[in-house]
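Report on the structure given below.
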Amino acid sequence: MTGVLVTGGTGKTGRELVRLLRGRGVPVRVASRNPAAEDPDAIRFDWDDPATHPDALDGQDRVFLVPPVQSGDPMPSVGPFLAEAQRLGVRKVVLLGSAIPLAPSAPELAARVRAQPGWVVLRPSGFMQNFLSPHPLGERIRRDGEIRTAAGDGRVGWIDARDIAATAAALLSDLDAIPGDQHDYLLTGPQALSYPEAAAIITAGTGRPVQVIHASEDRQAADLRAAGIPAQFAAILAAADAGARTGRDDEVSTAVLDLTGHPPRTFTQFVQEHAARWAAPTA
């Protein structure tokens, strides 16, 4: 048996990737901590429980790798997993990374993936889905009609998670589907936008005013902690947000179009599709 093991298979990107792969007739094993009982191809997988890793990998020749969520150091869990994948003969690993290293060990993780056969590192920019609840950014927009950020007027090449999934599907549908594997791909939408520009698009698309409040990095970290983000990861996210002020994230790539044959969604399209999600809460 061969197929694709999708870790994080019930997340924003993983769920869409599973749908796309199955639509192409690709066998998929959906790995998650709480597998759906009605899905015969779902399997329990927990980064903190190494005993679940061999069964998830068994018989799979491709892996979509989503590191542990909100972890400051994924290597203790992911390192042994990659060693087991190589031992079991996995022939392609596609890592869902980030346009900028978040966890301090992110470069080490990417290097370990690059030591695998048929490796690919996807480095998406900020997710458009972050503007939707239950993400803290989206929840504040829905609840208070505001965005609080340490990014100033720095721009980010926001990308829809569905376009990330489409790119991963193109790479994972067949071992030989995309030539020139062993590659890093920066994934962005078609336009880089600042938070004030994004707020203006949401306001125009929904009729609900959204204001931007500029905050310090420390205040941003405190807000994230208050929203339930672990302190170490809240500090990482706040630093990443503040780093956008320098223009570091003001990049746009053509990778989505190049790999899928379709242009990525614009932020305006995203807002039009999800306008109802920003409705003010009722009393």
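Ordering of the structure tokens sets the chain letters (A, B, ...), residue numbers begin anew at 1 in every chain, and ligands are numbered from 1 in the order given.
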Find the residues of segment 181-217 of chain A that sit at most 10 Å from segment 110-131 of chain A; for each, write down the nearest two atoms and how far apart they are in Å, to one decimal. Count only C-alpha atoms. Sort by chain, then by number going up, and give it as a tab-separated table.
```
residue	atom	partner	partner_atom	distance
A:Asp181	CA	A:Gly118	CA	5.8
A:Gln182	CA	A:Trp119	CA	4.8
A:His183	CA	A:Val120	CA	5.2
A:Asp184	CA	A:Val121	CA	4.7
A:Tyr185	CA	A:Leu122	CA	5.0
A:Leu186	CA	A:Arg123	CA	4.7
A:Leu187	CA	A:Pro124	CA	4.3
A:Thr188	CA	A:Ser125	CA	5.5
A:Gly189	CA	A:Ser125	CA	8.1
A:Ala192	CA	A:Ser125	CA	9.6
A:Ala198	CA	A:Phe131	CA	9.3
A:Ala199	CA	A:Phe131	CA	9.7
A:Ile202	CA	A:Phe131	CA	9.5
```
Mind writing the picked residues with all heavy atoms as an mmCIF file, in the first residue's frame?
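The result, stored in part_7.cif:
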```cif
data_model
loop_
_atom_site.group_PDB
_atom_site.id
_atom_site.type_symbol
_atom_site.label_atom_id
_atom_site.label_comp_id
_atom_site.auth_asym_id
_atom_site.auth_seq_id
_atom_site.Cartn_x
_atom_site.Cartn_y
_atom_site.Cartn_z
ATOM 1 N N ASP A 181 12.028 18.388 -7.485
ATOM 2 C CA ASP A 181 11.819 18.382 -6.043
ATOM 3 C C ASP A 181 13.126 18.769 -5.353
ATOM 4 O O ASP A 181 14.107 19.088 -5.992
ATOM 5 C CB ASP A 181 11.352 16.997 -5.587
ATOM 6 C CG ASP A 181 9.856 16.815 -5.788
ATOM 7 O OD1 ASP A 181 9.182 17.799 -6.107
ATOM 8 O OD2 ASP A 181 9.377 15.688 -5.623
ATOM 9 N N GLN A 182 13.131 18.700 -4.049
ATOM 10 C CA GLN A 182 14.237 19.191 -3.248
ATOM 11 C C GLN A 182 14.361 20.696 -3.476
ATOM 12 O O GLN A 182 15.317 21.209 -4.036
ATOM 13 C CB GLN A 182 15.536 18.438 -3.558
ATOM 14 C CG GLN A 182 15.399 16.940 -3.320
ATOM 15 C CD GLN A 182 16.716 16.204 -3.433
ATOM 16 O OE1 GLN A 182 17.630 16.663 -4.104
ATOM 17 N NE2 GLN A 182 16.812 15.058 -2.769
ATOM 18 N N HIS A 183 13.319 21.369 -2.998
ATOM 19 C CA HIS A 183 13.195 22.795 -3.283
ATOM 20 C C HIS A 183 12.450 23.487 -2.157
ATOM 21 O O HIS A 183 11.561 22.902 -1.543
ATOM 22 C CB HIS A 183 12.428 22.986 -4.594
ATOM 23 C CG HIS A 183 12.642 24.310 -5.246
ATOM 24 N ND1 HIS A 183 12.093 25.468 -4.754
ATOM 25 C CD2 HIS A 183 13.341 24.674 -6.351
ATOM 26 C CE1 HIS A 183 12.436 26.483 -5.538
ATOM 27 N NE2 HIS A 183 13.192 26.031 -6.505
ATOM 28 N N ASP A 184 12.814 24.730 -1.870
ATOM 29 C CA ASP A 184 12.055 25.602 -0.982
ATOM 30 C C ASP A 184 11.147 26.479 -1.836
ATOM 31 O O ASP A 184 11.609 27.043 -2.839
ATOM 32 C CB ASP A 184 12.992 26.510 -0.195
ATOM 33 C CG ASP A 184 13.651 25.816 0.971
ATOM 34 O OD1 ASP A 184 14.209 24.717 0.789
ATOM 35 O OD2 ASP A 184 13.613 26.394 2.066
ATOM 36 N N TYR A 185 9.882 26.601 -1.420
ATOM 37 C CA TYR A 185 8.953 27.460 -2.138
ATOM 38 C C TYR A 185 8.377 28.494 -1.173
ATOM 39 O O TYR A 185 7.732 28.133 -0.181
ATOM 40 C CB TYR A 185 7.802 26.657 -2.737
ATOM 41 C CG TYR A 185 8.204 25.695 -3.827
ATOM 42 C CD1 TYR A 185 8.312 24.336 -3.566
ATOM 43 C CD2 TYR A 185 8.456 26.134 -5.124
ATOM 44 C CE1 TYR A 185 8.662 23.433 -4.568
ATOM 45 C CE2 TYR A 185 8.813 25.250 -6.135
ATOM 46 C CZ TYR A 185 8.912 23.899 -5.844
ATOM 47 O OH TYR A 185 9.261 23.019 -6.839
ATOM 48 N N LEU A 186 8.585 29.769 -1.472
ATOM 49 C CA LEU A 186 7.891 30.831 -0.761
ATOM 50 C C LEU A 186 6.491 30.942 -1.348
ATOM 51 O O LEU A 186 6.329 31.124 -2.559
ATOM 52 C CB LEU A 186 8.635 32.163 -0.923
ATOM 53 C CG LEU A 186 7.916 33.398 -0.367
ATOM 54 C CD1 LEU A 186 7.813 33.319 1.153
ATOM 55 C CD2 LEU A 186 8.645 34.683 -0.795
ATOM 56 N N LEU A 187 5.477 30.820 -0.511
ATOM 57 C CA LEU A 187 4.089 30.877 -0.963
ATOM 58 C C LEU A 187 3.436 32.152 -0.444
ATOM 59 O O LEU A 187 3.413 32.406 0.768
ATOM 60 C CB LEU A 187 3.302 29.664 -0.454
ATOM 61 C CG LEU A 187 3.842 28.276 -0.794
ATOM 62 C CD1 LEU A 187 2.901 27.200 -0.255
ATOM 63 C CD2 LEU A 187 4.037 28.111 -2.291
ATOM 64 N N THR A 188 2.896 32.940 -1.354
ATOM 65 C CA THR A 188 2.198 34.164 -0.975
ATOM 66 C C THR A 188 0.950 34.307 -1.829
ATOM 67 O O THR A 188 0.757 33.601 -2.818
ATOM 68 C CB THR A 188 3.074 35.419 -1.194
ATOM 69 O OG1 THR A 188 3.146 35.702 -2.600
ATOM 70 C CG2 THR A 188 4.473 35.243 -0.634
ATOM 71 N N GLY A 189 0.119 35.262 -1.430
ATOM 72 C CA GLY A 189 -0.970 35.680 -2.294
ATOM 73 C C GLY A 189 -0.433 36.588 -3.392
ATOM 74 O O GLY A 189 0.776 36.802 -3.505
ATOM 75 N N ALA A 192 0.944 41.993 -1.438
ATOM 76 C CA ALA A 192 1.287 42.209 -0.036
ATOM 77 C C ALA A 192 0.473 43.385 0.495
ATOM 78 O O ALA A 192 0.319 44.412 -0.187
ATOM 79 C CB ALA A 192 2.776 42.490 0.116
ATOM 80 N N ALA A 198 -5.554 45.950 4.851
ATOM 81 C CA ALA A 198 -6.468 44.812 5.022
ATOM 82 C C ALA A 198 -7.744 45.247 5.731
ATOM 83 O O ALA A 198 -8.855 44.832 5.363
ATOM 84 C CB ALA A 198 -5.775 43.699 5.810
ATOM 85 N N ALA A 199 -7.610 46.095 6.751
ATOM 86 C CA ALA A 199 -8.786 46.580 7.471
ATOM 87 C C ALA A 199 -9.705 47.365 6.546
ATOM 88 O O ALA A 199 -10.943 47.253 6.629
ATOM 89 C CB ALA A 199 -8.353 47.451 8.649
ATOM 90 N N ILE A 202 -11.674 44.889 4.476
ATOM 91 C CA ILE A 202 -12.748 44.262 5.264
ATOM 92 C C ILE A 202 -13.891 45.243 5.474
ATOM 93 O O ILE A 202 -15.079 44.895 5.342
ATOM 94 C CB ILE A 202 -12.206 43.764 6.617
ATOM 95 C CG1 ILE A 202 -11.176 42.652 6.400
ATOM 96 C CG2 ILE A 202 -13.350 43.248 7.497
ATOM 97 C CD1 ILE A 202 -10.450 42.229 7.664
#
```
* To do: Excluding Arg208 of chain A and residues on its chain fewer than 6 positions from it, collect all residues at most 12 Å away from it, counting only C-alpha atoms, and give them as a VMD selection string.
  => chain A and resid 141 to 146 199 to 202 271 275 to 281
* Asked: Can you tell me, as a VMD selection string, what residues are no more than 12 Å from Gly9 of chain A when counting only C-alpha atoms, ignoring any on the same chain fewer than 5 positions away?
  -> chain A and resid 4 14 to 19 21 28 to 36 39 41 to 46 56 63 to 67 165
Just write the chosen residues, N, CA and C atoms, as a PDB file, in the first residue's frame.
```
ATOM      1  N   VAL A   4      -0.479   8.981   0.990  1.00  0.00           N
ATOM      2  CA  VAL A   4       0.013  10.191   1.637  1.00  0.00           C
ATOM      3  C   VAL A   4      -0.481  10.229   3.072  1.00  0.00           C
ATOM      4  N   GLY A  14      -4.522  21.096   6.260  1.00  0.00           N
ATOM      5  CA  GLY A  14      -4.599  19.647   6.118  1.00  0.00           C
ATOM      6  C   GLY A  14      -5.954  19.158   5.664  1.00  0.00           C
ATOM      7  N   ARG A  15      -7.020  19.739   6.197  1.00  0.00           N
ATOM      8  CA  ARG A  15      -8.372  19.314   5.828  1.00  0.00           C
ATOM      9  C   ARG A  15      -8.627  19.544   4.337  1.00  0.00           C
ATOM     10  N   GLU A  16      -8.202  20.701   3.835  1.00  0.00           N
ATOM     11  CA  GLU A  16      -8.386  20.994   2.411  1.00  0.00           C
ATOM     12  C   GLU A  16      -7.480  20.113   1.553  1.00  0.00           C
ATOM     13  N   LEU A  17      -6.281  19.845   2.016  1.00  0.00           N
ATOM     14  CA  LEU A  17      -5.374  18.963   1.279  1.00  0.00           C
ATOM     15  C   LEU A  17      -5.964  17.567   1.150  1.00  0.00           C
ATOM     16  N   VAL A  18      -6.524  17.057   2.231  1.00  0.00           N
ATOM     17  CA  VAL A  18      -7.158  15.728   2.188  1.00  0.00           C
ATOM     18  C   VAL A  18      -8.266  15.706   1.148  1.00  0.00           C
ATOM     19  N   ARG A  19      -9.087  16.755   1.126  1.00  0.00           N
ATOM     20  CA  ARG A  19     -10.183  16.817   0.159  1.00  0.00           C
ATOM     21  C   ARG A  19      -9.647  16.811  -1.268  1.00  0.00           C
ATOM     22  N   LEU A  21      -6.667  15.754  -2.428  1.00  0.00           N
ATOM     23  CA  LEU A  21      -6.011  14.498  -2.781  1.00  0.00           C
ATOM     24  C   LEU A  21      -7.037  13.406  -3.043  1.00  0.00           C
ATOM     25  N   VAL A  28      -5.187   8.487   1.046  1.00  0.00           N
ATOM     26  CA  VAL A  28      -4.777   9.420   2.093  1.00  0.00           C
ATOM     27  C   VAL A  28      -5.023   8.791   3.457  1.00  0.00           C
ATOM     28  N   ARG A  29      -4.067   8.949   4.344  1.00  0.00           N
ATOM     29  CA  ARG A  29      -4.261   8.588   5.752  1.00  0.00           C
ATOM     30  C   ARG A  29      -4.280   9.880   6.548  1.00  0.00           C
ATOM     31  N   VAL A  30      -5.378  10.130   7.241  1.00  0.00           N
ATOM     32  CA  VAL A  30      -5.579  11.391   7.959  1.00  0.00           C
ATOM     33  C   VAL A  30      -5.131  11.208   9.408  1.00  0.00           C
ATOM     34  N   ALA A  31      -4.077  11.901   9.788  1.00  0.00           N
ATOM     35  CA  ALA A  31      -3.528  11.772  11.132  1.00  0.00           C
ATOM     36  C   ALA A  31      -3.960  12.942  11.997  1.00  0.00           C
ATOM     37  N   SER A  32      -4.503  12.624  13.168  1.00  0.00           N
ATOM     38  CA  SER A  32      -4.888  13.673  14.105  1.00  0.00           C
ATOM     39  C   SER A  32      -5.017  13.062  15.487  1.00  0.00           C
ATOM     40  N   ARG A  33      -5.040  13.919  16.499  1.00  0.00           N
ATOM     41  CA  ARG A  33      -5.165  13.413  17.875  1.00  0.00           C
ATOM     42  C   ARG A  33      -6.540  12.804  18.131  1.00  0.00           C
ATOM     43  N   ASN A  34      -7.548  13.299  17.407  1.00  0.00           N
ATOM     44  CA  ASN A  34      -8.911  12.797  17.585  1.00  0.00           C
ATOM     45  C   ASN A  34      -9.473  12.393  16.227  1.00  0.00           C
ATOM     46  N   PRO A  35      -9.088  11.206  15.730  1.00  0.00           N
ATOM     47  CA  PRO A  35      -9.526  10.795  14.393  1.00  0.00           C
ATOM     48  C   PRO A  35     -11.033  10.582  14.334  1.00  0.00           C
ATOM     49  N   ALA A  36     -11.605  10.930  13.182  1.00  0.00           N
ATOM     50  CA  ALA A  36     -13.044  10.776  12.993  1.00  0.00           C
ATOM     51  C   ALA A  36     -13.399   9.295  12.889  1.00  0.00           C
ATOM     52  N   ASP A  39     -14.379   7.902   9.464  1.00  0.00           N
ATOM     53  CA  ASP A  39     -13.393   7.908   8.382  1.00  0.00           C
ATOM     54  C   ASP A  39     -12.482   6.697   8.535  1.00  0.00           C
ATOM     55  N   ASP A  41      -9.958   5.870   6.998  1.00  0.00           N
ATOM     56  CA  ASP A  41      -8.554   6.181   6.740  1.00  0.00           C
ATOM     57  C   ASP A  41      -7.993   7.190   7.732  1.00  0.00           C
ATOM     58  N   ALA A  42      -8.714   7.429   8.819  1.00  0.00           N
ATOM     59  CA  ALA A  42      -8.216   8.313   9.874  1.00  0.00           C
ATOM     60  C   ALA A  42      -7.495   7.477  10.927  1.00  0.00           C
ATOM     61  N   ILE A  43      -6.433   8.032  11.477  1.00  0.00           N
ATOM     62  CA  ILE A  43      -5.644   7.304  12.461  1.00  0.00           C
ATOM     63  C   ILE A  43      -5.214   8.254  13.570  1.00  0.00           C
ATOM     64  N   ARG A  44      -5.149   7.729  14.769  1.00  0.00           N
ATOM     65  CA  ARG A  44      -4.714   8.569  15.881  1.00  0.00           C
ATOM     66  C   ARG A  44      -3.222   8.849  15.758  1.00  0.00           C
ATOM     67  N   PHE A  45      -2.889  10.131  15.904  1.00  0.00           N
ATOM     68  CA  PHE A  45      -1.494  10.560  15.813  1.00  0.00           C
ATOM     69  C   PHE A  45      -1.299  11.716  16.776  1.00  0.00           C
ATOM     70  N   ASP A  46      -0.290  11.595  17.616  1.00  0.00           N
ATOM     71  CA  ASP A  46      -0.017  12.637  18.600  1.00  0.00           C
ATOM     72  C   ASP A  46       1.488  12.857  18.624  1.00  0.00           C
ATOM     73  N   ALA A  56       1.130   5.251  11.969  1.00  0.00           N
ATOM     74  CA  ALA A  56       0.700   6.277  11.024  1.00  0.00           C
ATOM     75  C   ALA A  56       1.530   6.233   9.742  1.00  0.00           C
ATOM     76  N   VAL A  63       4.613  12.085   2.853  1.00  0.00           N
ATOM     77  CA  VAL A  63       4.166  12.689   4.118  1.00  0.00           C
ATOM     78  C   VAL A  63       4.006  14.190   3.938  1.00  0.00           C
ATOM     79  N   PHE A  64       2.873  14.704   4.377  1.00  0.00           N
ATOM     80  CA  PHE A  64       2.685  16.142   4.544  1.00  0.00           C
ATOM     81  C   PHE A  64       2.916  16.426   6.014  1.00  0.00           C
ATOM     82  N   LEU A  65       3.959  17.168   6.307  1.00  0.00           N
ATOM     83  CA  LEU A  65       4.429  17.332   7.674  1.00  0.00           C
ATOM     84  C   LEU A  65       4.039  18.695   8.231  1.00  0.00           C
ATOM     85  N   VAL A  66       3.140  18.688   9.206  1.00  0.00           N
ATOM     86  CA  VAL A  66       2.766  19.896   9.937  1.00  0.00           C
ATOM     87  C   VAL A  66       3.356  19.768  11.335  1.00  0.00           C
ATOM     88  N   PRO A  67       4.349  20.562  11.699  1.00  0.00           N
ATOM     89  CA  PRO A  67       4.977  20.436  13.020  1.00  0.00           C
ATOM     90  C   PRO A  67       3.974  20.714  14.131  1.00  0.00           C
ATOM     91  N   ALA A 165      -2.819  24.465   0.376  1.00  0.00           N
ATOM     92  CA  ALA A 165      -3.216  23.062   0.202  1.00  0.00           C
ATOM     93  C   ALA A 165      -3.156  22.651  -1.262  1.00  0.00           C
TER      94      ALA A 165
END
```
* To do: Any chance you could list, as a PyMOL selection string, the residues in segment 56-211 of chain A that come up strand (DSSP E) when DSSP is run on the backbone?
  => chain A and resi 62-65+92-96+119-124+146-149+183-187+211
Put those residues in a file: N, CA and C atoms, as a PDB file, in the first residue's frame.
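Listing of selection08.pdb after writing:
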```pdb
ATOM      1  N   ARG A  62       4.584   8.971   1.095  1.00  0.00           N
ATOM      2  CA  ARG A  62       4.643  10.420   1.082  1.00  0.00           C
ATOM      3  C   ARG A  62       4.073  10.952   2.389  1.00  0.00           C
ATOM      4  N   VAL A  63       4.613  12.085   2.853  1.00  0.00           N
ATOM      5  CA  VAL A  63       4.166  12.689   4.118  1.00  0.00           C
ATOM      6  C   VAL A  63       4.006  14.190   3.938  1.00  0.00           C
ATOM      7  N   PHE A  64       2.873  14.704   4.377  1.00  0.00           N
ATOM      8  CA  PHE A  64       2.685  16.142   4.544  1.00  0.00           C
ATOM      9  C   PHE A  64       2.916  16.426   6.014  1.00  0.00           C
ATOM     10  N   LEU A  65       3.959  17.168   6.307  1.00  0.00           N
ATOM     11  CA  LEU A  65       4.429  17.332   7.674  1.00  0.00           C
ATOM     12  C   LEU A  65       4.039  18.695   8.231  1.00  0.00           C
ATOM     13  N   LYS A  92       8.963  10.909  -0.042  1.00  0.00           N
ATOM     14  CA  LYS A  92       8.775  12.349  -0.219  1.00  0.00           C
ATOM     15  C   LYS A  92       8.195  12.925   1.071  1.00  0.00           C
ATOM     16  N   VAL A  93       8.795  14.010   1.541  1.00  0.00           N
ATOM     17  CA  VAL A  93       8.297  14.739   2.706  1.00  0.00           C
ATOM     18  C   VAL A  93       8.113  16.193   2.303  1.00  0.00           C
ATOM     19  N   VAL A  94       6.898  16.696   2.471  1.00  0.00           N
ATOM     20  CA  VAL A  94       6.593  18.104   2.202  1.00  0.00           C
ATOM     21  C   VAL A  94       6.311  18.770   3.543  1.00  0.00           C
ATOM     22  N   LEU A  95       7.182  19.681   3.933  1.00  0.00           N
ATOM     23  CA  LEU A  95       7.068  20.370   5.216  1.00  0.00           C
ATOM     24  C   LEU A  95       6.270  21.655   5.060  1.00  0.00           C
ATOM     25  N   LEU A  96       5.281  21.841   5.931  1.00  0.00           N
ATOM     26  CA  LEU A  96       4.587  23.119   6.020  1.00  0.00           C
ATOM     27  C   LEU A  96       5.353  23.973   7.013  1.00  0.00           C
ATOM     28  N   TRP A 119      12.592  15.800  -0.671  1.00  0.00           N
ATOM     29  CA  TRP A 119      12.089  16.805   0.263  1.00  0.00           C
ATOM     30  C   TRP A 119      11.567  18.047  -0.462  1.00  0.00           C
ATOM     31  N   VAL A 120      10.590  18.688   0.179  1.00  0.00           N
ATOM     32  CA  VAL A 120      10.101  19.999  -0.252  1.00  0.00           C
ATOM     33  C   VAL A 120       9.772  20.787   1.017  1.00  0.00           C
ATOM     34  N   VAL A 121      10.185  22.040   1.056  1.00  0.00           N
ATOM     35  CA  VAL A 121       9.836  22.922   2.161  1.00  0.00           C
ATOM     36  C   VAL A 121       8.933  24.030   1.628  1.00  0.00           C
ATOM     37  N   LEU A 122       7.707  24.082   2.133  1.00  0.00           N
ATOM     38  CA  LEU A 122       6.776  25.159   1.791  1.00  0.00           C
ATOM     39  C   LEU A 122       6.896  26.237   2.860  1.00  0.00           C
ATOM     40  N   ARG A 123       7.066  27.487   2.418  1.00  0.00           N
ATOM     41  CA  ARG A 123       7.220  28.600   3.356  1.00  0.00           C
ATOM     42  C   ARG A 123       6.127  29.637   3.093  1.00  0.00           C
ATOM     43  N   PRO A 124       4.905  29.346   3.564  1.00  0.00           N
ATOM     44  CA  PRO A 124       3.815  30.299   3.329  1.00  0.00           C
ATOM     45  C   PRO A 124       3.958  31.553   4.172  1.00  0.00           C
ATOM     46  N   GLU A 146     -11.722  45.708  15.607  1.00  0.00           N
ATOM     47  CA  GLU A 146     -10.400  46.314  15.586  1.00  0.00           C
ATOM     48  C   GLU A 146      -9.317  45.264  15.365  1.00  0.00           C
ATOM     49  N   ILE A 147      -8.205  45.729  14.855  1.00  0.00           N
ATOM     50  CA  ILE A 147      -6.990  44.937  14.708  1.00  0.00           C
ATOM     51  C   ILE A 147      -5.933  45.609  15.566  1.00  0.00           C
ATOM     52  N   ARG A 148      -5.326  44.842  16.456  1.00  0.00           N
ATOM     53  CA  ARG A 148      -4.214  45.367  17.244  1.00  0.00           C
ATOM     54  C   ARG A 148      -2.946  44.689  16.766  1.00  0.00           C
ATOM     55  N   THR A 149      -1.930  45.468  16.384  1.00  0.00           N
ATOM     56  CA  THR A 149      -0.741  44.894  15.766  1.00  0.00           C
ATOM     57  C   THR A 149       0.511  45.689  16.117  1.00  0.00           C
ATOM     58  N   HIS A 183      13.319  21.369  -2.998  1.00  0.00           N
ATOM     59  CA  HIS A 183      13.195  22.795  -3.283  1.00  0.00           C
ATOM     60  C   HIS A 183      12.450  23.487  -2.157  1.00  0.00           C
ATOM     61  N   ASP A 184      12.814  24.730  -1.870  1.00  0.00           N
ATOM     62  CA  ASP A 184      12.055  25.602  -0.982  1.00  0.00           C
ATOM     63  C   ASP A 184      11.147  26.479  -1.836  1.00  0.00           C
ATOM     64  N   TYR A 185       9.882  26.601  -1.420  1.00  0.00           N
ATOM     65  CA  TYR A 185       8.953  27.460  -2.138  1.00  0.00           C
ATOM     66  C   TYR A 185       8.377  28.494  -1.173  1.00  0.00           C
ATOM     67  N   LEU A 186       8.585  29.769  -1.472  1.00  0.00           N
ATOM     68  CA  LEU A 186       7.891  30.831  -0.761  1.00  0.00           C
ATOM     69  C   LEU A 186       6.491  30.942  -1.348  1.00  0.00           C
ATOM     70  N   LEU A 187       5.477  30.820  -0.511  1.00  0.00           N
ATOM     71  CA  LEU A 187       4.089  30.877  -0.963  1.00  0.00           C
ATOM     72  C   LEU A 187       3.436  32.152  -0.444  1.00  0.00           C
ATOM     73  N   GLN A 211     -10.966  49.215  12.659  1.00  0.00           N
ATOM     74  CA  GLN A 211      -9.868  50.134  12.898  1.00  0.00           C
ATOM     75  C   GLN A 211      -8.611  49.371  13.296  1.00  0.00           C
TER      76      GLN A 211
END
```
* Mind checking which residues fall within 9 Å of Pro104 of chain A, counting only C-alpha atoms, ignoring those fewer than 4 positions away in the same chain, and posting them as a ChimeraX atom specification? => /A:72-73,108,236
* To do: Pick out each residue of segment 125-259 of chain A that DSSP on the backbone tags as alpha helix (DSSP H); I need them as a PyMOL selection string.
  => chain A and resi 136-144+161-172+195-206+217-226+231-243+255-259
* Asked: What is the distance, in Å and to one decimal place, between atom CA of Tyr195 of chain A and atom CA of Asp258 of chain A?
  -> 27.2 Å
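Taking only C-alpha atoms into account, Val252 of chain A lies nearest to A:Leu193 out of the set A:Ile213, A:Leu193, A:Gly89, A:Ala231.
Each of A:Thr52, A:Gln220, A:Gln272, A:Thr7 was compared to Ala234 of chain A using only C-alpha atoms, and A:Gln220 turns out to be the nearest.
Nearest-residue note for Asp223 of chain A: choosing from A:Thr206, A:Ala244, A:Leu171, A:Leu137, the minimum distance belongs to A:Leu137, counting only C-alpha atoms.
The spacing separating atom CA of Thr254 of chain A from atom CA of Gly154 of chain A amounts to 20.6 Å.
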* Asked: In Å, with one decimal, what is the gap from atom CA of Ala51 of chain A to atom CA of Val69 of chain A?
  -> 19.0 Å
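Near Trp47 of chain A, within a cut-off of 8 Å and counting only C-alpha atoms, sit the residues Pro50, His53, Pro68, Ser77 and Val78 of chain A, with same-chain residues fewer than 3 positions away left out.
The residue that comes closest to Arg219 of chain A, out of A:Ala161, A:Val6, A:Leu109, A:Leu237 and on the basis of only C-alpha atoms, is A:Leu237.
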* **Residue neighbourhood Gly247 of chain A, 9 Å, only C-alpha atoms, exclusion window fewer than 2 positions, as a ChimeraX atom specification** => /A:153-156,243-245,249-251
